[in-house]
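Reproduced below: query38.cif, with mmCIF, C-alpha atoms.
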```cif
data_final
#
loop_
_atom_site.label_atom_id
_atom_site.label_comp_id
_atom_site.auth_asym_id
_atom_site.auth_seq_id
_atom_site.Cartn_x
_atom_site.Cartn_y
_atom_site.Cartn_z
CA MET A 1 -117.95 154.84 -6.77
CA ALA A 2 -119.66 152.09 -8.70
CA PRO A 3 -118.67 151.63 -12.34
CA PRO A 4 -121.04 152.98 -14.99
CA PRO A 5 -123.47 150.55 -16.57
CA PRO A 6 -122.28 148.95 -19.80
CA PRO A 7 -123.84 150.09 -23.06
CA PRO A 8 -126.95 148.20 -24.11
CA PRO A 9 -126.44 145.00 -26.09
CA ARG A 10 -126.19 145.52 -29.83
CA PRO A 11 -127.24 143.01 -32.49
CA ASP A 12 -124.05 143.45 -34.46
CA TRP A 13 -121.56 142.08 -31.91
CA PRO A 14 -119.63 139.25 -33.64
CA ILE A 15 -121.12 136.43 -31.57
CA PRO A 16 -119.55 133.08 -32.54
CA THR A 17 -121.50 129.89 -33.02
CA LEU A 18 -122.12 128.56 -29.50
CA SER A 19 -122.49 124.87 -28.67
CA LEU A 20 -122.66 122.53 -25.69
CA ARG A 21 -121.14 119.09 -25.06
CA ILE A 22 -121.93 116.89 -22.04
CA PRO A 23 -120.05 113.57 -21.89
CA ASP A 24 -121.84 112.39 -18.71
CA LEU A 25 -125.46 113.42 -18.22
CA SER A 26 -125.68 111.52 -14.91
CA HIS A 27 -123.46 113.90 -12.93
CA PRO A 28 -125.52 115.94 -10.41
CA GLY A 29 -123.78 119.11 -11.59
CA ILE A 30 -125.54 118.81 -14.95
CA LYS A 31 -129.02 119.02 -13.42
CA LEU A 32 -127.91 121.99 -11.31
CA PHE A 33 -126.62 123.71 -14.43
CA PHE A 34 -129.88 123.35 -16.33
CA ASP A 35 -131.96 124.21 -13.25
CA ASN A 36 -130.14 127.53 -12.87
CA VAL A 37 -129.25 128.84 -16.32
CA ASP A 38 -130.25 128.60 -19.94
CA PRO A 39 -127.16 127.39 -21.85
CA ILE A 40 -127.46 129.55 -24.95
CA GLN A 41 -128.47 132.64 -22.99
CA VAL A 42 -125.72 132.34 -20.40
CA MET A 43 -123.07 131.85 -23.09
CA ARG A 44 -124.39 134.71 -25.18
CA ASP A 45 -124.57 136.99 -22.13
CA ALA A 46 -120.97 136.13 -21.21
CA THR A 47 -119.78 136.88 -24.74
CA VAL A 48 -121.62 140.21 -24.88
CA ALA A 49 -120.23 141.16 -21.44
CA VAL A 50 -116.68 140.57 -22.68
CA PHE A 51 -117.27 142.71 -25.77
CA GLN A 52 -118.95 145.48 -23.79
CA TRP A 53 -116.34 145.75 -21.05
CA LEU A 54 -113.11 144.89 -22.86
CA TYR A 55 -113.80 146.31 -26.33
CA VAL A 56 -116.74 148.71 -25.80
CA THR A 57 -117.55 149.21 -29.49
CA THR A 58 -118.21 146.74 -32.28
CA ASP A 59 -115.40 148.10 -34.44
CA LYS A 60 -112.89 147.13 -31.73
CA ALA A 61 -114.36 143.69 -31.00
CA PRO A 62 -112.30 140.76 -32.37
CA ASN A 63 -114.13 138.65 -34.94
CA HIS A 64 -111.64 135.81 -35.45
CA VAL A 65 -113.37 133.36 -33.08
CA GLN A 66 -115.89 131.36 -35.09
CA THR A 67 -117.04 128.80 -32.51
CA ILE A 68 -117.09 128.39 -28.73
CA GLU A 69 -118.01 124.97 -27.36
CA LEU A 70 -118.88 124.66 -23.68
CA VAL A 71 -117.93 121.24 -22.31
CA LEU A 72 -119.48 120.27 -18.96
CA ARG A 73 -117.54 117.29 -17.61
CA PRO A 74 -116.08 115.69 -14.50
CA MET A 75 -112.55 117.03 -13.93
CA ASP A 76 -110.36 118.65 -11.30
CA GLY A 77 -110.39 122.40 -10.74
CA ALA A 78 -113.06 124.82 -11.94
CA ALA A 79 -112.62 125.61 -15.63
CA TYR A 80 -110.14 126.27 -18.40
CA THR A 81 -110.16 127.44 -22.01
CA ALA A 82 -108.37 125.71 -24.88
CA GLY A 83 -108.57 125.50 -28.66
CA SER A 84 -107.29 127.25 -31.75
CA GLU A 85 -107.40 130.84 -32.97
CA THR A 86 -110.86 130.30 -34.47
CA ALA A 87 -112.36 127.44 -32.44
CA LYS A 88 -112.43 127.65 -28.64
CA GLU A 89 -113.45 125.13 -25.99
CA ILE A 90 -114.40 126.02 -22.42
CA HIS A 91 -114.16 123.02 -20.10
CA PHE A 92 -116.22 123.49 -16.94
CA ALA A 93 -115.97 121.08 -13.98
CA CYS A 94 -119.31 119.57 -12.98
CA GLN A 95 -118.15 119.19 -9.37
CA HIS A 96 -117.42 122.92 -9.15
CA ILE A 97 -121.07 123.55 -10.00
CA VAL A 98 -122.10 121.16 -7.21
CA ASN A 99 -119.69 122.83 -4.78
CA SER A 100 -121.27 126.20 -5.61
CA ALA A 101 -124.87 125.06 -5.19
CA ASP A 102 -125.69 127.84 -2.69
CA ARG A 103 -124.98 130.50 -5.35
CA CYS A 104 -125.05 128.35 -8.43
CA ALA A 105 -126.39 130.74 -11.07
CA ASP A 106 -124.01 133.58 -10.21
CA GLU A 107 -121.01 131.25 -10.06
CA ILE A 108 -121.81 129.71 -13.44
CA ARG A 109 -122.19 133.17 -14.96
CA GLY A 110 -119.01 134.43 -13.33
CA VAL A 111 -116.87 131.48 -14.38
CA LEU A 112 -118.16 131.66 -17.95
CA VAL A 113 -117.50 135.40 -18.23
CA HIS A 114 -113.92 134.78 -17.02
CA GLU A 115 -113.37 131.96 -19.50
CA VAL A 116 -114.94 133.78 -22.45
CA VAL A 117 -112.49 136.64 -21.81
CA HIS A 118 -109.73 134.12 -22.55
CA CYS A 119 -111.37 133.43 -25.91
CA PHE A 120 -111.03 137.06 -27.00
CA GLN A 121 -108.38 138.95 -24.99
CA TYR A 122 -105.00 139.84 -26.48
CA ASN A 123 -101.91 138.22 -24.99
CA GLY A 124 -98.91 139.99 -26.46
CA ARG A 125 -98.16 137.15 -28.87
CA ASP A 126 -98.17 134.68 -25.97
CA THR A 127 -95.86 136.84 -23.81
CA CYS A 128 -98.44 138.31 -21.42
CA PRO A 129 -97.66 137.29 -17.81
CA GLY A 130 -100.14 134.81 -16.43
CA GLY A 131 -101.05 137.09 -13.54
CA LEU A 132 -102.12 139.92 -15.85
CA PHE A 133 -103.82 137.52 -18.26
CA GLU A 134 -105.96 136.06 -15.47
CA GLY A 135 -106.38 139.42 -13.78
CA ILE A 136 -107.95 140.99 -16.86
CA ALA A 137 -110.40 138.07 -17.04
CA ASP A 138 -111.39 138.55 -13.41
CA TRP A 139 -111.61 142.33 -13.96
CA VAL A 140 -114.30 141.74 -16.59
CA ARG A 141 -116.03 139.37 -14.16
CA LEU A 142 -115.81 142.08 -11.48
CA ARG A 143 -117.16 144.71 -13.85
CA SER A 144 -120.04 142.38 -14.74
CA GLY A 145 -121.14 142.35 -11.10
CA LEU A 146 -120.22 138.69 -10.65
CA ALA A 147 -117.45 138.82 -8.05
CA PRO A 148 -117.95 135.92 -5.59
CA PRO A 149 -118.16 136.72 -1.87
CA HIS A 150 -114.76 135.20 -1.03
CA TRP A 151 -112.83 137.71 -3.16
CA SER A 152 -110.85 140.26 -1.15
CA ILE A 153 -108.97 143.46 -1.95
CA GLY A 154 -105.21 143.65 -1.43
CA GLY A 155 -102.40 141.19 -2.02
CA ASP A 156 -98.65 140.87 -2.20
CA SER A 157 -97.96 141.83 -5.82
CA TRP A 158 -99.79 143.45 -8.72
CA ASP A 159 -99.32 140.38 -10.91
CA ALA A 160 -100.54 137.82 -8.38
CA GLY A 161 -103.40 137.28 -10.81
CA TYR A 162 -107.11 136.65 -10.59
CA HIS A 163 -109.02 138.89 -8.15
CA VAL A 164 -105.85 140.45 -6.68
CA THR A 165 -104.89 141.87 -10.07
CA ALA A 166 -108.54 142.54 -10.96
CA TYR A 167 -109.00 144.92 -8.03
CA PHE A 168 -105.70 146.62 -8.89
CA LEU A 169 -106.95 147.12 -12.45
CA GLU A 170 -110.22 148.49 -11.11
CA TRP A 171 -108.29 150.99 -8.99
CA LEU A 172 -106.28 152.01 -12.07
CA THR A 173 -109.57 152.60 -13.88
CA GLU A 174 -110.93 154.73 -11.05
CA ARG A 175 -107.70 156.75 -10.90
CA TYR A 176 -106.87 157.09 -14.60
CA GLY A 177 -110.28 156.81 -16.20
CA GLU A 178 -112.53 154.46 -18.13
CA GLY A 179 -110.63 152.79 -20.94
CA THR A 180 -107.47 152.09 -18.93
CA VAL A 181 -107.76 148.30 -19.00
CA GLN A 182 -108.97 148.37 -22.58
CA GLU A 183 -105.83 150.30 -23.58
CA LEU A 184 -103.57 147.82 -21.78
CA ASN A 185 -105.28 144.98 -23.61
CA GLU A 186 -105.06 146.79 -26.95
CA LEU A 187 -101.31 147.32 -26.55
CA MET A 188 -100.91 143.53 -26.52
CA LYS A 189 -102.79 143.01 -29.78
CA ASP A 190 -99.88 143.15 -32.21
CA ALA A 191 -96.81 143.53 -29.99
CA PRO A 192 -95.15 141.48 -27.23
CA TYR A 193 -95.92 142.38 -23.64
CA ASP A 194 -93.80 145.17 -22.23
CA GLU A 195 -94.14 146.27 -18.60
CA LEU A 196 -93.64 149.85 -19.78
CA MET A 197 -97.11 149.77 -21.30
CA PHE A 198 -98.41 150.74 -17.85
CA LYS A 199 -96.36 153.93 -18.10
CA THR A 200 -97.64 154.49 -21.64
CA VAL A 201 -101.23 154.37 -20.38
CA THR A 202 -100.91 156.02 -16.95
CA GLY A 203 -97.61 157.90 -16.97
CA ARG A 204 -96.29 155.71 -14.13
CA LYS A 205 -94.34 152.46 -13.97
CA VAL A 206 -96.33 149.54 -12.66
CA ASP A 207 -94.24 149.10 -9.50
CA LYS A 208 -94.93 152.72 -8.58
CA LEU A 209 -98.63 152.23 -9.34
CA TRP A 210 -98.71 149.19 -7.05
CA LYS A 211 -97.05 151.25 -4.29
CA PHE A 212 -99.69 153.97 -4.68
CA TYR A 213 -102.43 151.34 -4.68
CA LYS A 214 -101.18 149.77 -1.45
CA GLU A 215 -100.95 153.19 0.17
CA HIS A 216 -104.47 153.92 -1.04
CA LEU A 217 -105.79 150.76 0.57
CA GLY A 218 -104.26 151.77 3.89
CA GLY A 219 -103.28 148.33 5.10
CA ASP A 220 -105.22 146.13 2.69
CA ASP A 221 -108.60 146.89 4.20
CA GLY A 222 -109.99 147.89 0.84
CA SER A 223 -111.53 151.05 2.28
CA GLY A 224 -110.86 153.21 -0.73
CA ILE A 225 -111.84 151.14 -3.75
CA SER A 226 -115.18 150.10 -5.12
CA GLN A 227 -116.21 146.49 -4.59
CA VAL A 228 -118.51 145.46 -7.38
CA GLN A 229 -120.10 142.34 -5.98
CA GLY A 230 -122.43 139.89 -7.62
CA GLY A 231 -125.96 139.43 -6.30
#
```

Once more with this new file: its structure as structure tokens, please.
Amino acid sequence: MAPPPPPPPRPDWPIPTLSLRIPDLSHPGIKLFFDNVDPIQVMRDATVAVFQWLYVTTDKAPNHVQTIELVLRPMDGAAYTAGSETAKEIHFACQHIVNSADRCADEIRGVLVHEVVHCFQYNGRDTCPGGLFEGIADWVRLRSGLAPPHWSIGGDSWDAGYHVTAYFLEWLTERYGEGTVQELNELMKDAPYDELMFKTVTGRKVDKLWKFYKEHLGGDDGSGISQVQGG
């Protein structure tokens, strides 16, 4: 069962000031970026997607982030987010754009959605496990229809992070209802992370949920869970 469409964009989402910095215009990834996306539109779309999927309504959406600067530069890896409580920077590797030339627009959109989640998600006062932190970001990317083709369902542990945890969170949503991931995120707003929050939201401890999930998959073939893939 595919997830429901998000609500239509609203003009009153607290969109921060968005900016772009490019230290080296000569890198081939820069031309690919501009050939495939509009910078302001892709950043705005990513921000709205995060609000729509993770916070749903404007009264829940955080408004502490005042600026997000996208930095396109040569570096290792794909992307990361840094900055302060009010001013965020998303550093995006130019070479990753080149390496994704065959599906450039979708990869740019997907990476930016993931990184913008990090600008706004709650982290239990810096106690949220990295696997869950990254998994929630990839869950929003999944929900946005921007899962890359190499993602697969299954894995060795619920907190392996990224797409492994994202698909687990999607299964939790299908089993326990829309709002499950949003509730988990909300519980980390003002309190440290506690693994028992999974029981608070679902009535089950997370290890038991993971056991049910693995049984549901029937050998990691992913036959029983929706795969929301990007175009």

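Closest approach to Tyr122 of chain A among A:Ala101, A:Met188, A:Leu142, A:Ile136: A:Met188, based on all atoms listed in the file.
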
Result set, the PyMOL selection byres ((chain A and resi 131-135) around 7) on current file, as a VMD selection string: chain A and resid 128 to 130 136 to 139 159 to 163 165 to 166

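On the file presented, the PyMOL selection byres ((chain A and resi 202) around 10) picks out Leu172, Thr173, Arg175, Tyr176, Gly177, Thr180, Leu184, Leu196, Met197, Phe198, Lys199, Thr200, Val201, Gly203, Arg204, Lys205, Val206 and Leu209 of chain A.
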
What is the distance, in Å and to one decimal place, between atom CA of Glu195 of chain A and atom CA of Glu170 of chain A?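 The value is 17.9 Å.
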
Take the PyMOL selection byres ((chain A and resi 71) around 8), apply it to the structure above, and return the hits as a PyMOL selection string. chain A and resi 20-23+69-70+72-73+89-92

Report, in Å to a single decimal, how far apart atom CA of Ile30 of chain A and atom CA of Val116 of chain A are. 19.8 Å

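Coordinates place atom CA of Phe168 of chain A at a distance of 11.7 Å from atom CA of Asp207 of chain A.
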
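Distances here use all atoms listed in the file; by that measure, the residue among A:Leu169, A:Leu18, A:Val48, A:Ala61 closest to Gln121 of chain A is A:Ala61.
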
Each side padded by 6 Å, which centre and which edge lengths in Å (one decimal) define the axis-aligned box around the listed atoms of segment 183-194 of chain A? Give them as AutoDock Vina command-line options.
```
--center_x -99.8 --center_y 145.9 --center_z -27.0 --size_x 24.0 --size_y 20.8 --size_z 22.4
```

Minimum-distance residue to Asp194 of chain A, chosen among A:Trp210, A:Ser144, A:Leu54, A:Gly124 (using only C-alpha atoms): A:Gly124

Go through A:Pro74, A:Leu112, A:Val42, A:Tyr167 and flag the residue nearest Leu217 of chain A, using only C-alpha atoms for the distances.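 Smallest distance to Leu217 of chain A is found for A:Tyr167.
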
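Every protein or nucleic acid residue with an atom no more than 10 Å from Val56 of chain A, counting all atoms listed in the file and leaving out same-chain residues fewer than 4 positions away, appears here: Pro6, Pro7, Val48, Ala49, Val50, Phe51, Gln52, Lys60, Ala61, Gly179 and Gln182 of chain A.
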
Fewer than 5 positions away in the same chain doesn't count, so skip those; otherwise give me all residues within 9 Å of Gln95 of chain A, counting all atoms listed in the file, as a short mmCIF file (atom, residue, chain, number, x, y, z; two decimals) with C-alpha atoms, in the frame of the given file.
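Result went into around_29.cif, see below:
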```cif
data_model
loop_
_atom_site.label_atom_id
_atom_site.label_comp_id
_atom_site.auth_asym_id
_atom_site.auth_seq_id
_atom_site.Cartn_x
_atom_site.Cartn_y
_atom_site.Cartn_z
CA HIS A 27 -123.46 113.90 -12.93
CA PRO A 28 -125.52 115.94 -10.41
CA GLY A 29 -123.78 119.11 -11.59
CA ARG A 73 -117.54 117.29 -17.61
CA PRO A 74 -116.08 115.69 -14.50
CA MET A 75 -112.55 117.03 -13.93
CA ASP A 76 -110.36 118.65 -11.30
CA GLY A 77 -110.39 122.40 -10.74
CA ALA A 78 -113.06 124.82 -11.94
CA SER A 100 -121.27 126.20 -5.61
#
```

For Lys88 of chain A, the nearest of the candidates A:Thr17, A:Val37, A:Asp102, A:Asn185, counting all atoms listed in the file: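 Of A:Thr17, A:Val37, A:Asp102, A:Asn185, the one nearest Lys88 of chain A is A:Thr17, counting all atoms listed in the file.
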
Between A:Val181, A:Val98, A:Ile153, A:Tyr213, single out the one closest to Lys31 of chain A, counting only C-alpha atoms.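 Of the candidates, the smallest distance to Lys31 of chain A is held by A:Val98.
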
Please, can segment 105-116 of chain A be completed to all heavy atoms and returned as a short mmCIF file (atom, residue, chain, number, x, y, z; two decimals), keeping the file's coordinate frame?
```
data_model
loop_
_atom_site.label_atom_id
_atom_site.label_comp_id
_atom_site.auth_asym_id
_atom_site.auth_seq_id
_atom_site.Cartn_x
_atom_site.Cartn_y
_atom_site.Cartn_z
N ALA A 105 -126.21 129.96 -9.86
CA ALA A 105 -126.39 130.74 -11.07
C ALA A 105 -125.31 131.80 -11.22
O ALA A 105 -124.71 131.96 -12.29
CB ALA A 105 -127.77 131.38 -11.09
N ASP A 106 -125.03 132.53 -10.14
CA ASP A 106 -124.01 133.58 -10.21
C ASP A 106 -122.62 133.00 -10.45
O ASP A 106 -121.81 133.60 -11.17
CB ASP A 106 -124.00 134.41 -8.93
CG ASP A 106 -125.10 135.46 -8.92
OD1 ASP A 106 -125.67 135.74 -9.99
OD2 ASP A 106 -125.40 135.99 -7.83
N GLU A 107 -122.32 131.85 -9.85
CA GLU A 107 -121.01 131.25 -10.06
C GLU A 107 -120.85 130.76 -11.49
O GLU A 107 -119.79 130.95 -12.10
CB GLU A 107 -120.78 130.11 -9.08
CG GLU A 107 -119.40 129.45 -9.17
CD GLU A 107 -118.25 130.40 -8.83
OE1 GLU A 107 -118.50 131.51 -8.31
OE2 GLU A 107 -117.09 130.02 -9.09
N ILE A 108 -121.88 130.14 -12.04
CA ILE A 108 -121.81 129.71 -13.44
C ILE A 108 -121.58 130.92 -14.34
O ILE A 108 -120.69 130.90 -15.21
CB ILE A 108 -123.11 128.98 -13.84
CG1 ILE A 108 -123.19 127.62 -13.13
CG2 ILE A 108 -123.16 128.78 -15.36
CD1 ILE A 108 -124.54 126.94 -13.27
N ARG A 109 -122.34 131.97 -14.12
CA ARG A 109 -122.19 133.17 -14.96
C ARG A 109 -120.79 133.77 -14.80
O ARG A 109 -120.15 134.16 -15.79
CB ARG A 109 -123.25 134.21 -14.58
CG ARG A 109 -124.67 133.80 -14.93
CD ARG A 109 -125.65 134.93 -14.70
NE ARG A 109 -127.02 134.53 -14.97
CZ ARG A 109 -127.90 134.18 -14.04
NH1 ARG A 109 -127.57 134.22 -12.77
NH2 ARG A 109 -129.12 133.83 -14.37
N GLY A 110 -120.31 133.84 -13.57
CA GLY A 110 -119.01 134.43 -13.33
C GLY A 110 -117.88 133.64 -13.95
O GLY A 110 -116.97 134.21 -14.58
N VAL A 111 -117.90 132.33 -13.80
CA VAL A 111 -116.87 131.48 -14.38
C VAL A 111 -116.89 131.59 -15.91
O VAL A 111 -115.84 131.70 -16.56
CB VAL A 111 -117.05 130.02 -13.94
CG1 VAL A 111 -116.17 129.09 -14.76
CG2 VAL A 111 -116.74 129.87 -12.45
N LEU A 112 -118.08 131.60 -16.49
CA LEU A 112 -118.16 131.66 -17.95
C LEU A 112 -117.70 133.01 -18.49
O LEU A 112 -117.03 133.06 -19.52
CB LEU A 112 -119.58 131.34 -18.41
CG LEU A 112 -119.99 129.87 -18.23
CD1 LEU A 112 -121.42 129.66 -18.67
CD2 LEU A 112 -119.06 128.95 -19.01
N VAL A 113 -118.02 134.10 -17.80
CA VAL A 113 -117.50 135.40 -18.23
C VAL A 113 -115.97 135.37 -18.22
O VAL A 113 -115.31 135.79 -19.17
CB VAL A 113 -118.03 136.54 -17.34
CG1 VAL A 113 -117.23 137.82 -17.55
CG2 VAL A 113 -119.50 136.80 -17.63
N HIS A 114 -115.38 134.87 -17.13
CA HIS A 114 -113.92 134.78 -17.02
C HIS A 114 -113.34 133.98 -18.18
O HIS A 114 -112.37 134.41 -18.82
CB HIS A 114 -113.55 134.13 -15.68
CG HIS A 114 -112.08 133.92 -15.50
ND1 HIS A 114 -111.31 134.70 -14.67
CD2 HIS A 114 -111.22 133.01 -16.04
CE1 HIS A 114 -110.05 134.30 -14.71
NE2 HIS A 114 -109.97 133.26 -15.53
N GLU A 115 -113.93 132.83 -18.46
CA GLU A 115 -113.37 131.96 -19.50
C GLU A 115 -113.58 132.53 -20.91
O GLU A 115 -112.72 132.38 -21.78
CB GLU A 115 -113.95 130.56 -19.40
CG GLU A 115 -113.59 129.82 -18.11
CD GLU A 115 -112.09 129.68 -17.90
OE1 GLU A 115 -111.35 129.57 -18.89
OE2 GLU A 115 -111.66 129.69 -16.73
N VAL A 116 -114.70 133.19 -21.13
CA VAL A 116 -114.94 133.78 -22.45
C VAL A 116 -113.96 134.93 -22.69
O VAL A 116 -113.55 135.17 -23.83
CB VAL A 116 -116.40 134.23 -22.61
CG1 VAL A 116 -116.59 135.02 -23.90
CG2 VAL A 116 -117.33 133.01 -22.62
#
```
